[in-house]
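Chemist: Provided herewith: upload.tsv, TSV, C-alpha atoms (C1' of nucleotides).
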chain	number	residue	atom	x	y	z
E	10	MET	CA	0.14	-3.73	-11.80
E	11	SER	CA	2.79	-1.04	-11.86
E	12	ASP	CA	6.00	-1.50	-13.78
E	13	THR	CA	7.83	-1.68	-10.48
E	14	GLU	CA	5.50	-4.40	-9.28
E	15	TYR	CA	5.95	-6.29	-12.54
E	16	LEU	CA	9.70	-6.42	-11.94
E	17	MET	CA	9.20	-7.59	-8.35
E	18	GLN	CA	6.76	-10.21	-9.60
E	19	THR	CA	9.34	-11.44	-12.09
E	20	LEU	CA	11.91	-11.79	-9.33
E	21	LYS	CA	9.46	-13.63	-7.12
E	22	GLU	CA	8.48	-16.06	-9.87
E	23	ALA	CA	12.14	-16.90	-10.23
E	24	GLY	CA	12.19	-17.86	-6.56
E	25	LEU	CA	13.93	-14.71	-5.34
E	26	ARG	CA	12.86	-13.04	-2.12
E	27	ARG	CA	11.11	-9.73	-1.79
E	28	THR	CA	13.43	-7.32	0.01
E	29	PRO	CA	13.18	-3.57	0.61
E	30	GLN	CA	16.44	-3.09	-1.31
E	31	ARG	CA	15.09	-4.86	-4.37
E	32	GLU	CA	11.87	-2.90	-4.26
E	33	ALA	CA	13.76	0.37	-4.10
E	34	ILE	CA	15.99	-0.64	-6.99
E	35	CYS	CA	13.07	-1.75	-9.16
E	36	ALA	CA	11.25	1.48	-8.38
E	37	ALA	CA	14.27	3.58	-9.27
E	38	LEU	CA	14.66	1.67	-12.52
E	39	THR	CA	11.11	2.10	-13.70
E	40	LYS	CA	10.74	5.68	-12.56
E	41	SER	CA	13.85	6.88	-14.36
E	42	ARG	CA	13.54	8.03	-17.95
E	43	ASN	CA	17.33	8.16	-18.21
E	44	HIS	CA	18.53	4.58	-18.57
E	45	PRO	CA	20.49	4.78	-15.34
E	46	THR	CA	23.74	3.01	-14.51
E	47	ALA	CA	24.24	0.90	-11.38
E	48	THR	CA	26.07	3.84	-9.83
E	49	ASP	CA	23.23	6.21	-10.71
E	50	ILE	CA	20.76	4.01	-8.90
E	51	TYR	CA	23.08	3.58	-5.95
E	52	ALA	CA	23.60	7.34	-5.65
E	53	GLU	CA	19.88	8.00	-5.88
E	54	LEU	CA	18.97	5.50	-3.20
E	55	LYS	CA	21.85	5.94	-0.78
E	56	PRO	CA	20.46	9.04	0.99
E	57	ARG	CA	17.22	7.26	1.82
E	58	PHE	CA	18.90	3.88	2.32
E	59	ALA	CA	22.10	4.45	4.24
E	60	SER	CA	23.09	0.80	4.48
E	61	LEU	CA	22.66	0.01	0.80
E	62	SER	CA	25.63	-1.64	-0.88
E	63	LEU	CA	26.64	-1.21	-4.49
E	64	ALA	CA	26.99	-4.98	-4.74
E	65	THR	CA	23.29	-5.34	-4.00
E	66	VAL	CA	22.45	-2.99	-6.84
E	67	TYR	CA	24.58	-5.02	-9.23
E	68	ASN	CA	23.11	-8.29	-7.98
E	69	THR	CA	19.54	-7.13	-8.48
E	70	LEU	CA	20.22	-5.66	-11.91
E	71	ASP	CA	22.00	-8.84	-12.98
E	72	ALA	CA	19.09	-10.95	-11.83
E	73	LEU	CA	16.61	-8.81	-13.77
E	74	VAL	CA	18.81	-8.89	-16.85
E	75	LYS	CA	19.16	-12.67	-16.70
E	76	LEU	CA	15.39	-12.99	-16.38
E	77	GLY	CA	14.94	-10.81	-19.46
E	78	ALA	CA	12.93	-8.21	-17.55
E	79	ILE	CA	15.35	-5.40	-18.35
E	80	ASN	CA	18.18	-4.87	-20.82
E	81	ALA	CA	21.77	-3.84	-20.29
E	82	LEU	CA	23.21	-1.32	-22.74
E	83	GLY	CA	26.96	-1.19	-23.09
E	84	HIS	CA	29.00	1.79	-24.20
E	85	ALA	CA	26.75	4.79	-24.09
E	86	GLY	CA	29.76	7.04	-24.47
E	87	ASP	CA	30.98	6.66	-20.92
E	88	ASP	CA	32.43	3.45	-19.52
E	89	ALA	CA	29.42	2.21	-17.63
E	90	VAL	CA	26.56	-0.14	-18.48
E	91	HIS	CA	23.16	1.56	-18.66
E	92	TYR	CA	19.96	-0.34	-17.88
E	93	ASP	CA	16.76	-0.14	-19.90
E	94	ALA	CA	13.45	-1.29	-18.46
E	95	ASP	CA	11.91	-1.32	-21.94
E	96	THR	CA	12.45	-4.78	-23.46
E	97	GLU	CA	10.54	-4.25	-26.69
E	98	PRO	CA	12.91	-4.40	-29.70
E	99	HIS	CA	13.91	-0.81	-30.35
E	100	VAL	CA	16.80	1.48	-31.12
E	101	ASN	CA	18.72	3.13	-28.28
E	102	LEU	CA	20.11	6.43	-29.43
E	103	ALA	CA	22.88	7.79	-27.20
E	104	CYS	CA	24.22	11.32	-27.20
E	105	ILE	CA	28.00	11.11	-27.16
E	106	VAL	CA	28.32	14.39	-25.28
E	107	CYS	CA	25.80	14.11	-22.46
E	108	SER	CA	25.47	10.27	-22.51
E	109	ARG	CA	21.69	10.41	-22.32
E	110	ILE	CA	19.93	7.64	-24.19
E	111	VAL	CA	16.56	7.97	-25.92
E	112	ASP	CA	14.46	5.19	-27.40
E	113	ILE	CA	13.19	4.96	-30.96
E	114	HIS	CA	10.67	2.27	-31.80
E	115	SER	CA	10.62	1.01	-35.35
E	116	LYS	CA	9.07	-2.01	-37.01
E	117	ARG	CA	12.29	-2.43	-38.90
E	118	VAL	CA	14.06	-3.68	-35.79
E	119	SER	CA	11.88	-6.73	-35.32
E	120	GLN	CA	11.98	-7.40	-39.06
E	121	LEU	CA	15.76	-7.37	-38.79
E	122	ASP	CA	15.57	-9.87	-35.93
E	123	LYS	CA	13.77	-12.34	-38.15
E	124	GLU	CA	16.17	-11.78	-41.02
E	125	VAL	CA	19.18	-12.46	-38.80
E	126	VAL	CA	17.67	-15.68	-37.46
E	127	ALA	CA	16.92	-16.88	-40.97
E	128	ALA	CA	20.36	-16.01	-42.31
E	129	SER	CA	22.61	-17.26	-39.55
E	130	GLY	CA	21.48	-20.57	-38.14
E	131	TYR	CA	22.17	-19.07	-34.72
E	132	ARG	CA	19.86	-19.51	-31.82
E	133	LEU	CA	19.08	-15.85	-31.12
E	134	LEU	CA	18.99	-14.76	-27.49
E	135	GLY	CA	19.11	-10.99	-27.51
E	136	ALA	CA	19.91	-7.85	-29.42
E	137	ARG	CA	21.15	-4.37	-28.71
E	138	VAL	CA	20.76	-1.74	-31.39
E	139	MET	CA	22.81	1.28	-30.36
E	140	TYR	CA	23.15	4.48	-32.33
E	141	TYR	CA	25.46	7.33	-31.43
E	142	GLY	CA	25.06	10.97	-32.21
E	143	LEU	CA	24.58	14.48	-30.92
E	144	CYS	CA	21.26	15.34	-29.37
E	145	PRO	CA	19.69	18.65	-30.42
E	146	ARG	CA	20.72	20.31	-27.14
E	147	CYS	CA	24.36	19.31	-27.45
E	148	GLN	CA	24.47	20.20	-31.15
E	149	LYS	CA	23.87	23.79	-30.15
E	150	LYS	CA	26.64	23.75	-27.57
E	151	LYS	CA	29.12	22.11	-29.87
E	152	LYS	CA	29.31	23.48	-33.39
E	153	GLU	CA	32.70	21.94	-33.98
E	154	ILE	CA	33.08	18.24	-33.31
E	155	ARG	CA	36.35	17.59	-35.11
E	156	GLY	CA	38.53	15.32	-33.01
E	157	LEU	CA	35.76	14.57	-30.60
E	158	GLY	CA	35.32	10.91	-31.39
E	159	ILE	CA	33.33	8.43	-29.38
E	160	ARG	CA	35.37	7.17	-26.46
E	161	GLY	CA	36.25	3.64	-27.38
E	162	LEU	CA	33.54	3.48	-29.97
E	163	GLY	CA	34.73	5.45	-32.90
E	164	ASN	CA	33.44	7.38	-35.87
I	12	MET	CA	46.17	-1.59	-51.93
I	13	SER	CA	45.81	-4.19	-49.23
I	14	ASP	CA	43.47	-3.64	-46.31
I	15	THR	CA	46.49	-3.32	-44.06
I	16	GLU	CA	47.95	-0.68	-46.33
I	17	TYR	CA	44.64	1.16	-46.37
I	18	LEU	CA	44.71	1.45	-42.59
I	19	MET	CA	48.31	2.68	-42.66
I	20	GLN	CA	47.36	5.18	-45.34
I	21	THR	CA	44.53	6.43	-43.17
I	22	LEU	CA	46.90	6.95	-40.26
I	23	LYS	CA	49.40	8.72	-42.48
I	24	GLU	CA	46.78	11.06	-43.90
I	25	ALA	CA	45.90	12.02	-40.35
I	26	GLY	CA	49.51	13.07	-39.84
I	27	LEU	CA	50.55	9.99	-37.86
I	28	ARG	CA	53.88	8.34	-38.45
I	29	ARG	CA	54.48	4.96	-39.99
I	30	THR	CA	56.01	2.71	-37.38
I	31	PRO	CA	56.70	-1.03	-37.37
I	32	GLN	CA	54.38	-1.42	-34.38
I	33	ARG	CA	51.51	0.24	-36.19
I	34	GLU	CA	52.06	-1.84	-39.29
I	35	ALA	CA	52.02	-5.02	-37.27
I	36	ILE	CA	48.84	-3.99	-35.48
I	37	CYS	CA	47.07	-3.03	-38.72
I	38	ALA	CA	48.14	-6.31	-40.29
I	39	ALA	CA	46.90	-8.31	-37.32
I	40	LEU	CA	43.59	-6.46	-37.46
I	41	THR	CA	42.90	-7.05	-41.13
I	42	LYS	CA	44.18	-10.60	-41.21
I	43	SER	CA	42.00	-11.72	-38.32
I	44	ARG	CA	38.50	-12.97	-39.08
I	45	ASN	CA	37.78	-12.99	-35.35
I	46	HIS	CA	37.18	-9.38	-34.34
I	47	PRO	CA	40.11	-9.45	-31.95
I	48	THR	CA	40.44	-7.55	-28.68
I	49	ALA	CA	43.41	-5.35	-27.83
I	50	THR	CA	44.77	-8.17	-25.70
I	51	ASP	CA	44.33	-10.68	-28.53
I	52	ILE	CA	46.40	-8.53	-30.83
I	53	TYR	CA	49.01	-7.95	-28.14
I	54	ALA	CA	49.30	-11.67	-27.45
I	55	GLU	CA	49.58	-12.47	-31.14
I	56	LEU	CA	52.34	-9.94	-31.80
I	57	LYS	CA	54.34	-10.23	-28.59
I	58	PRO	CA	56.34	-13.32	-29.61
I	59	ARG	CA	57.58	-11.68	-32.81
I	60	PHE	CA	57.78	-8.22	-31.21
I	61	ALA	CA	59.24	-8.65	-27.76
I	62	SER	CA	59.31	-4.97	-26.88
I	63	LEU	CA	55.70	-4.25	-27.81
I	64	SER	CA	53.61	-2.53	-25.15
I	65	LEU	CA	49.91	-3.01	-24.63
I	66	ALA	CA	49.52	0.75	-24.46
I	67	THR	CA	50.75	1.00	-28.03
I	68	VAL	CA	48.10	-1.43	-29.16
I	69	TYR	CA	45.40	0.62	-27.44
I	70	ASN	CA	46.76	3.88	-28.83
I	71	THR	CA	46.79	2.59	-32.40
I	72	LEU	CA	43.34	1.07	-32.15
I	73	ASP	CA	41.95	4.27	-30.64
I	74	ALA	CA	43.45	6.31	-33.44
I	75	LEU	CA	41.91	4.04	-36.09
I	76	VAL	CA	38.56	4.12	-34.33
I	77	LYS	CA	38.59	7.91	-34.12
I	78	LEU	CA	39.41	8.10	-37.81
I	79	GLY	CA	36.45	5.83	-38.58
I	80	ALA	CA	38.66	3.21	-40.22
I	81	ILE	CA	37.60	0.47	-37.82
I	82	ASN	CA	34.78	-0.02	-35.35
I	83	ALA	CA	34.83	-0.92	-31.68
I	84	LEU	CA	32.26	-3.45	-30.49
I	85	GLY	CA	31.39	-3.49	-26.81
I	86	HIS	CA	30.10	-6.42	-24.84
I	87	ALA	CA	30.57	-9.49	-26.93
I	88	GLY	CA	29.89	-11.66	-23.91
I	89	ASP	CA	33.23	-11.10	-22.24
I	90	ASP	CA	34.35	-7.81	-20.72
I	91	ALA	CA	36.59	-6.64	-23.52
I	92	VAL	CA	36.06	-4.43	-26.56
I	93	HIS	CA	36.38	-6.23	-29.88
I	94	TYR	CA	37.55	-4.42	-33.01
I	95	ASP	CA	36.00	-4.77	-36.44
I	96	ALA	CA	37.85	-3.70	-39.57
I	97	ASP	CA	34.60	-3.80	-41.57
I	98	THR	CA	32.94	-0.37	-41.36
I	99	GLU	CA	30.00	-1.07	-43.66
I	100	PRO	CA	26.71	-0.94	-41.75
I	101	HIS	CA	26.01	-4.52	-40.72
I	102	VAL	CA	24.91	-6.75	-37.88
I	103	ASN	CA	27.51	-8.22	-35.54
I	104	LEU	CA	26.31	-11.53	-34.21
I	105	ALA	CA	28.15	-12.73	-31.12
I	106	CYS	CA	28.09	-16.24	-29.69
I	107	ILE	CA	27.61	-15.93	-25.95
I	108	VAL	CA	29.52	-19.12	-25.28
I	109	CYS	CA	32.66	-18.80	-27.40
I	110	SER	CA	32.53	-14.99	-27.83
I	111	ARG	CA	33.22	-15.24	-31.53
I	112	ILE	CA	31.54	-12.57	-33.64
I	113	VAL	CA	30.31	-13.04	-37.20
I	114	ASP	CA	29.03	-10.36	-39.57
I	115	ILE	CA	25.69	-10.31	-41.32
I	116	HIS	CA	25.11	-7.74	-44.03
I	117	SER	CA	21.56	-6.61	-44.60
I	118	LYS	CA	20.04	-3.72	-46.49
I	119	ARG	CA	17.71	-3.25	-43.58
I	120	VAL	CA	20.49	-1.83	-41.44
I	121	SER	CA	21.17	1.17	-43.65
I	122	GLN	CA	17.43	1.68	-44.09
I	123	LEU	CA	17.17	1.79	-40.32
I	124	ASP	CA	19.96	4.39	-40.22
I	125	LYS	CA	17.92	6.72	-42.37
I	126	GLU	CA	14.78	6.16	-40.37
I	127	VAL	CA	16.54	7.00	-37.12
I	128	VAL	CA	17.98	10.21	-38.54
I	129	ALA	CA	14.58	11.28	-39.80
I	130	ALA	CA	12.80	10.48	-36.55
I	131	SER	CA	15.21	11.88	-34.00
I	132	GLY	CA	16.68	15.19	-35.05
I	133	TYR	CA	19.99	13.82	-33.84
I	134	ARG	CA	23.18	14.27	-35.75
I	135	LEU	CA	24.07	10.63	-36.30
I	136	LEU	CA	27.70	9.65	-35.85
I	137	GLY	CA	27.79	5.89	-35.58
I	138	ALA	CA	25.89	2.72	-34.91
I	139	ARG	CA	26.54	-0.70	-33.46
I	140	VAL	CA	24.02	-3.42	-34.13
I	141	MET	CA	24.83	-6.35	-31.86
I	142	TYR	CA	22.94	-9.60	-31.68
I	143	TYR	CA	23.59	-12.36	-29.17
I	144	GLY	CA	23.01	-16.03	-29.55
I	145	LEU	CA	24.46	-19.49	-29.76
I	146	CYS	CA	26.48	-20.39	-32.82
I	147	PRO	CA	25.79	-23.79	-34.41
I	148	ARG	CA	28.96	-25.29	-32.91
I	149	CYS	CA	28.10	-24.20	-29.36
I	150	GLN	CA	24.46	-25.24	-29.74
I	151	LYS	CA	25.66	-28.81	-30.09
I	152	LYS	CA	27.82	-28.62	-26.99
I	153	LYS	CA	25.14	-27.00	-24.91
I	154	LYS	CA	21.69	-28.51	-25.14
I	155	GLU	CA	20.58	-26.88	-21.93
I	156	ILE	CA	21.01	-23.12	-21.61
I	157	ARG	CA	18.80	-22.52	-18.60
I	158	GLY	CA	20.50	-20.15	-16.21
I	159	LEU	CA	23.23	-19.36	-18.66
I	160	GLY	CA	22.39	-15.74	-19.29
I	161	ILE	CA	24.56	-13.24	-21.08
I	162	ARG	CA	27.14	-11.83	-18.69
I	163	GLY	CA	26.03	-8.28	-18.09
I	164	LEU	CA	23.81	-8.31	-21.13
I	165	GLY	CA	20.78	-10.25	-20.26
I	166	ASN	CA	18.02	-12.30	-21.80
B	27	DT	C1'	74.19	10.51	-44.68
B	28	DC	C1'	73.84	13.01	-40.28
B	29	DT	C1'	71.43	15.65	-36.99
B	30	DC	C1'	67.66	17.21	-34.65
B	31	DT	C1'	63.34	17.19	-32.54
B	32	DA	C1'	58.76	16.06	-31.97
B	33	DA	C1'	56.21	12.00	-32.14
B	34	DT	C1'	56.10	7.56	-30.51
B	35	DC	C1'	57.00	3.66	-27.68
B	36	DT	C1'	57.70	1.28	-23.38
B	37	DA	C1'	56.99	-0.04	-18.62
B	38	DT	C1'	54.44	0.61	-15.02
B	39	DA	C1'	51.30	2.86	-11.99
B	40	DA	C1'	46.69	4.52	-11.56
B	41	DT	C1'	41.81	4.40	-12.42
B	42	DC	C1'	37.36	2.78	-12.33
B	43	DG	C1'	33.51	-0.26	-13.28
B	44	DT	C1'	32.35	-4.60	-11.77
B	45	DT	C1'	32.75	-9.04	-9.20
B	46	DC	C1'	34.07	-11.79	-5.30
B	47	DT	C1'	34.30	-13.04	-0.38
B	48	DA	C1'	33.15	-13.79	4.25
B	49	DA	C1'	30.61	-12.46	8.00
B	50	DA	C1'	26.25	-10.37	9.59
B	51	DT	C1'	21.37	-9.97	8.79
B	52	DA	C1'	16.67	-10.86	7.54
B	53	DA	C1'	12.84	-13.28	4.73
B	54	DG	C1'	9.51	-16.60	4.98
B	55	DG	C1'	7.99	-21.32	5.99
B	56	DA	C1'	7.20	-24.61	9.92
D	2	DT	C1'	8.65	-17.80	17.44
D	3	DC	C1'	12.43	-20.49	15.52
D	4	DC	C1'	15.09	-22.16	11.88
D	5	DT	C1'	17.05	-22.39	7.55
D	6	DT	C1'	18.87	-20.28	3.87
D	7	DA	C1'	18.95	-16.40	0.80
D	8	DT	C1'	20.44	-11.88	0.92
D	9	DT	C1'	22.95	-7.90	2.27
D	10	DT	C1'	26.99	-5.52	3.49
D	11	DA	C1'	31.78	-3.72	3.42
D	12	DG	C1'	35.65	-3.99	1.48
D	13	DA	C1'	39.16	-6.41	-1.06
D	14	DA	C1'	40.16	-8.14	-5.57
D	15	DC	C1'	40.01	-8.13	-10.45
D	16	DG	C1'	40.70	-6.84	-15.14
D	17	DA	C1'	40.24	-3.77	-18.93
D	18	DT	C1'	41.72	0.56	-20.10
D	19	DT	C1'	44.16	5.05	-19.45
D	20	DA	C1'	47.74	8.11	-17.82
D	21	DT	C1'	52.58	9.20	-16.95
D	22	DA	C1'	57.32	9.90	-17.51
D	23	DG	C1'	61.42	8.69	-19.44
D	24	DA	C1'	63.79	6.33	-23.43
D	25	DT	C1'	63.65	5.67	-28.27
D	26	DT	C1'	62.95	6.56	-33.11
D	27	DA	C1'	60.81	8.31	-37.57
D	28	DG	C1'	61.46	11.33	-40.85
D	29	DA	C1'	62.39	16.14	-42.40
D	30	DG	C1'	66.02	19.12	-43.56
D	31	DA	C1'	71.04	20.20	-43.84
Would it be possible to restate this file's structure as structure tokens?
Modeler:
Amino acid sequence: MSDTEYLMQTLKEAGLRRTPQREAICAALTKSRNHPTATDIYAELKPRFASLSLATVYNTLDALVKLGAINALGHAGDDAVHYDADTEPHVNLACIVCSRIVDIHSKRVSQLDKEVVAASGYRLLGARVMYYGLCPRCQKKKKEIRGLGIRGLGN
Amino acid sequence: MSDTEYLMQTLKEAGLRRTPQREAICAALTKSRNHPTATDIYAELKPRFASLSLATVYNTLDALVKLGAINALGHAGDDAVHYDADTEPHVNLACIVCSRIVDIHSKRVSQLDKEVVAASGYRLLGARVMYYGLCPRCQKKKKEIRGLGIRGLGN
DNA sequence: TCTCTAATCTATAATCGTTCTAAATAAGGA
DNA sequence: TCCTTATTTAGAACGATTATAGATTAGAGA
């Protein structure tokens, strides 16, 4: 079963209908390596899908997020939420210049999960580990980062 | 030197002037245990400071964030950015019902920092480790969390 | 202390991502 | 096929944040 089909299956099991819009959105999500935003997906699909509404994109993404099939990443350096079809615990590393996000898998993340549960008494429902930096490509372009800052995120 | 004074000092060293508004904002930030939002701070100070503008609160917070004196936490379950005067690497654990955020300090976080730097080739500038769950108080109120979800954050 | 001027503050409009609403459409079971 | 109900659509609404322009003020120097 393809990743796209897995997402559709998840929606179906939750009692949601199979629609062409949802298929297109799931496909766009799993095919992208770029952790797209809702607007990214909308822009990609609109040419092929003239009647598509942005609200539908948000609805489908919200449904997938609530079902735990994808994750929503806030504050990648721009103001939009990026979506990540990889739900394994891992670090999302965002470049503050180009806003691209790459994934880094580390055992330490799931160890940290357990430590937090043990220490807090909270019922843990999710985690987002975001790091911010300059990717190798943007480091070359930008020797001097004084005053750059991370929009609304600091450091 | 109080925490409030440390923030004022940081602003001063960056060439920014000492104003009553900034002092009040820094004081509100350091006195709060609740990781307040810009609006929280505005609402708290407005009664004592009738002429205060929300834009001033945002400006001051942005300046502190850019100087690395405080951190900005996105997506605590509501739509607003919460500010954290504690800049040590640590986990921020947000309750998805009451949106309160507590801090958990763990050595594992700074170990993870180093691992990410080594693995990525990125120039690391900041990190936000957010966990989501139900705090003990809200667990009691809410036995049944089916369908609750994390607004825009999933799981 | 007084003056001066750039920095700051205020009020408000603008922006933009996201959510809501109501009417039109289409999925899927009978 | 028909019916019921979920879904989609278009666009308005919303709310957090940012930008703007004019009034005010901190703080350096006389």
Chemist: One number please: CA of Tyr133 (chain I) to CA of Cys144 (chain E), in Å, one decimal.
Modeler: 4.9 Å
Chemist: What is the C1' of DA48 (chain B) to CA of Val66 (chain E) distance in Å?
Modeler: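 Separation of C1' of DA48 (chain B) and CA of Val66 (chain E): 18.8 Å.
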Chemist: Applying 12 Å and all atoms listed in the file, which residues near Glu55 (chain I) remain after dropping the ones on its own chain fewer than 5 positions away? List them as a list in words.
Modeler: Ala35, Ile36, Ala38, Ala39, Leu40, Lys42, Ser43, Pro47, Thr48, Ala49, Thr50, Phe60, Ala61, Leu63, Leu65 and Val68 of chain I
Chemist: Taking into account all atoms listed in the file, which residue in the set E:Ser108, E:Ile50, E:Thr69, E:Glu14 is nearest to chain D?
Modeler: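 Looking only at the distances to chain D, the closest residue turns out to be E:Thr69.
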Chemist: Can you tell me which residues surround DA33 (chain B) at a distance of at most 10 Å, considering only C-alpha atoms (C1' of nucleotides), apart from same-chain residues fewer than 6 positions away, and format the answer as a list in words?
Modeler: Leu27 and Arg28 of chain I; DT26 and DA27 of chain D
Chemist: List the neighbours of region 3-19 of chain D out to 9 Å using only C-alpha atoms (C1' of nucleotides); skip same-chain residues closer than 5 positions along the sequence, and give me the result as JSON, numbers by chain.
Modeler: {"E": [25, 26, 28, 30, 60, 61, 62, 64, 65], "I": [66, 69, 90, 91, 92], "B": [40, 41, 44, 45, 46, 47, 50, 51, 52, 53, 56]}
Chemist: For chain I, work out the contacting residues on chain B at 9 Å, counting only C-alpha atoms (C1' of nucleotides), and write them as a list in words.
Modeler: DA33, DT34, DC35, DT36 and DA37 of chain B
Chemist: If you measure from CA of Arg117 (chain E) to CA of Gln122 (chain I), what distance in Å do you get, rounded to one decimal?
Modeler: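 Result for CA of Arg117 (chain E) versus CA of Gln122 (chain I): 8.4 Å, one decimal.
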Chemist: Taking (27.9, -11.2, -41.5) in the file's coordinates as the center, which residues reach within 8 Å of it, counting all atoms listed in the file, put as a list in words?
Modeler: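 Protein and nucleic acid residues near the point are His101, Val102, Asn103, Leu104, Val113, Asp114, Ile115 and His116 of chain I.
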Chemist: Excluding Gly142 (chain E) and its own-chain neighbours fewer than 5 positions away, which residues fall within 7 Å of it when counting only C-alpha atoms (C1' of nucleotides)? Please give them as a ChimeraX atom specification.
Modeler: /E:103-105 /I:133-137
Chemist: Show me which bits of chain E are within 8 Å of chain I, counting all atoms listed in the file, as a VMD selection string.
Modeler: chain E and resid 71 73 to 84 113 117 to 118 121 125 128 to 145 148 156 158 to 159 161 to 164
Chemist: Since fewer atoms than expected are present, regenerate N, CA and C atoms for region 87-107 of chain I and write them as an mmCIF file, in the coordinates of the input.
Modeler:
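Output (selection.cif):
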data_model
loop_
_atom_site.group_PDB
_atom_site.id
_atom_site.type_symbol
_atom_site.label_atom_id
_atom_site.label_comp_id
_atom_site.auth_asym_id
_atom_site.auth_seq_id
_atom_site.Cartn_x
_atom_site.Cartn_y
_atom_site.Cartn_z
ATOM 1 N N ALA I 87 30.789 -8.317 -26.102
ATOM 2 C CA ALA I 87 30.570 -9.490 -26.930
ATOM 3 C C ALA I 87 30.313 -10.716 -26.081
ATOM 4 N N GLY I 88 30.119 -10.522 -24.778
ATOM 5 C CA GLY I 88 29.890 -11.660 -23.910
ATOM 6 C C GLY I 88 31.004 -11.760 -22.883
ATOM 7 N N ASP I 89 32.179 -11.259 -23.229
ATOM 8 C CA ASP I 89 33.230 -11.100 -22.240
ATOM 9 C C ASP I 89 33.276 -9.611 -21.864
ATOM 10 N N ASP I 90 34.329 -9.202 -21.177
ATOM 11 C CA ASP I 90 34.350 -7.810 -20.720
ATOM 12 C C ASP I 90 35.174 -6.904 -21.608
ATOM 13 N N ALA I 91 35.647 -7.410 -22.722
ATOM 14 C CA ALA I 91 36.590 -6.640 -23.520
ATOM 15 C C ALA I 91 35.930 -6.080 -24.778
ATOM 16 N N VAL I 92 36.515 -5.010 -25.310
ATOM 17 C CA VAL I 92 36.060 -4.430 -26.560
ATOM 18 C C VAL I 92 36.697 -5.171 -27.721
ATOM 19 N N HIS I 93 35.891 -5.564 -28.681
ATOM 20 C CA HIS I 93 36.380 -6.230 -29.880
ATOM 21 C C HIS I 93 36.423 -5.217 -31.027
ATOM 22 N N TYR I 94 37.397 -5.367 -31.916
ATOM 23 C CA TYR I 94 37.550 -4.420 -33.010
ATOM 24 C C TYR I 94 37.199 -5.054 -34.342
ATOM 25 N N ASP I 95 36.546 -4.278 -35.180
ATOM 26 C CA ASP I 95 36.000 -4.770 -36.440
ATOM 27 C C ASP I 95 36.489 -3.888 -37.574
ATOM 28 N N ALA I 96 37.283 -4.477 -38.474
ATOM 29 C CA ALA I 96 37.850 -3.700 -39.570
ATOM 30 C C ALA I 96 36.829 -3.425 -40.676
ATOM 31 N N ASP I 97 35.653 -4.012 -40.566
ATOM 32 C CA ASP I 97 34.600 -3.800 -41.570
ATOM 33 C C ASP I 97 33.685 -2.670 -41.112
ATOM 34 N N THR I 98 33.725 -1.527 -41.808
ATOM 35 C CA THR I 98 32.940 -0.370 -41.360
ATOM 36 C C THR I 98 31.629 -0.185 -42.131
ATOM 37 N N GLU I 99 31.321 -1.106 -43.034
ATOM 38 C CA GLU I 99 30.000 -1.070 -43.660
ATOM 39 C C GLU I 99 28.931 -1.313 -42.600
ATOM 40 N N PRO I 100 27.763 -0.656 -42.734
ATOM 41 C CA PRO I 100 26.710 -0.940 -41.750
ATOM 42 C C PRO I 100 26.280 -2.407 -41.836
ATOM 43 N N HIS I 101 26.388 -3.114 -40.721
ATOM 44 C CA HIS I 101 26.010 -4.520 -40.720
ATOM 45 C C HIS I 101 25.745 -4.983 -39.296
ATOM 46 N N VAL I 102 25.205 -6.171 -39.183
ATOM 47 C CA VAL I 102 24.910 -6.750 -37.880
ATOM 48 C C VAL I 102 26.111 -7.558 -37.402
ATOM 49 N N ASN I 103 26.503 -7.370 -36.154
ATOM 50 C CA ASN I 103 27.510 -8.220 -35.540
ATOM 51 C C ASN I 103 26.802 -9.221 -34.639
ATOM 52 N N LEU I 104 26.996 -10.480 -34.948
ATOM 53 C CA LEU I 104 26.310 -11.530 -34.210
ATOM 54 C C LEU I 104 27.322 -12.280 -33.365
ATOM 55 N N ALA I 105 27.169 -12.151 -32.035
ATOM 56 C CA ALA I 105 28.150 -12.730 -31.120
ATOM 57 C C ALA I 105 27.614 -14.002 -30.493
ATOM 58 N N CYS I 106 28.455 -15.021 -30.417
ATOM 59 C CA CYS I 106 28.090 -16.240 -29.690
ATOM 60 C C CYS I 106 28.415 -16.016 -28.223
ATOM 61 N N ILE I 107 27.409 -16.226 -27.372
ATOM 62 C CA ILE I 107 27.610 -15.930 -25.950
ATOM 63 C C ILE I 107 28.456 -16.985 -25.261
#
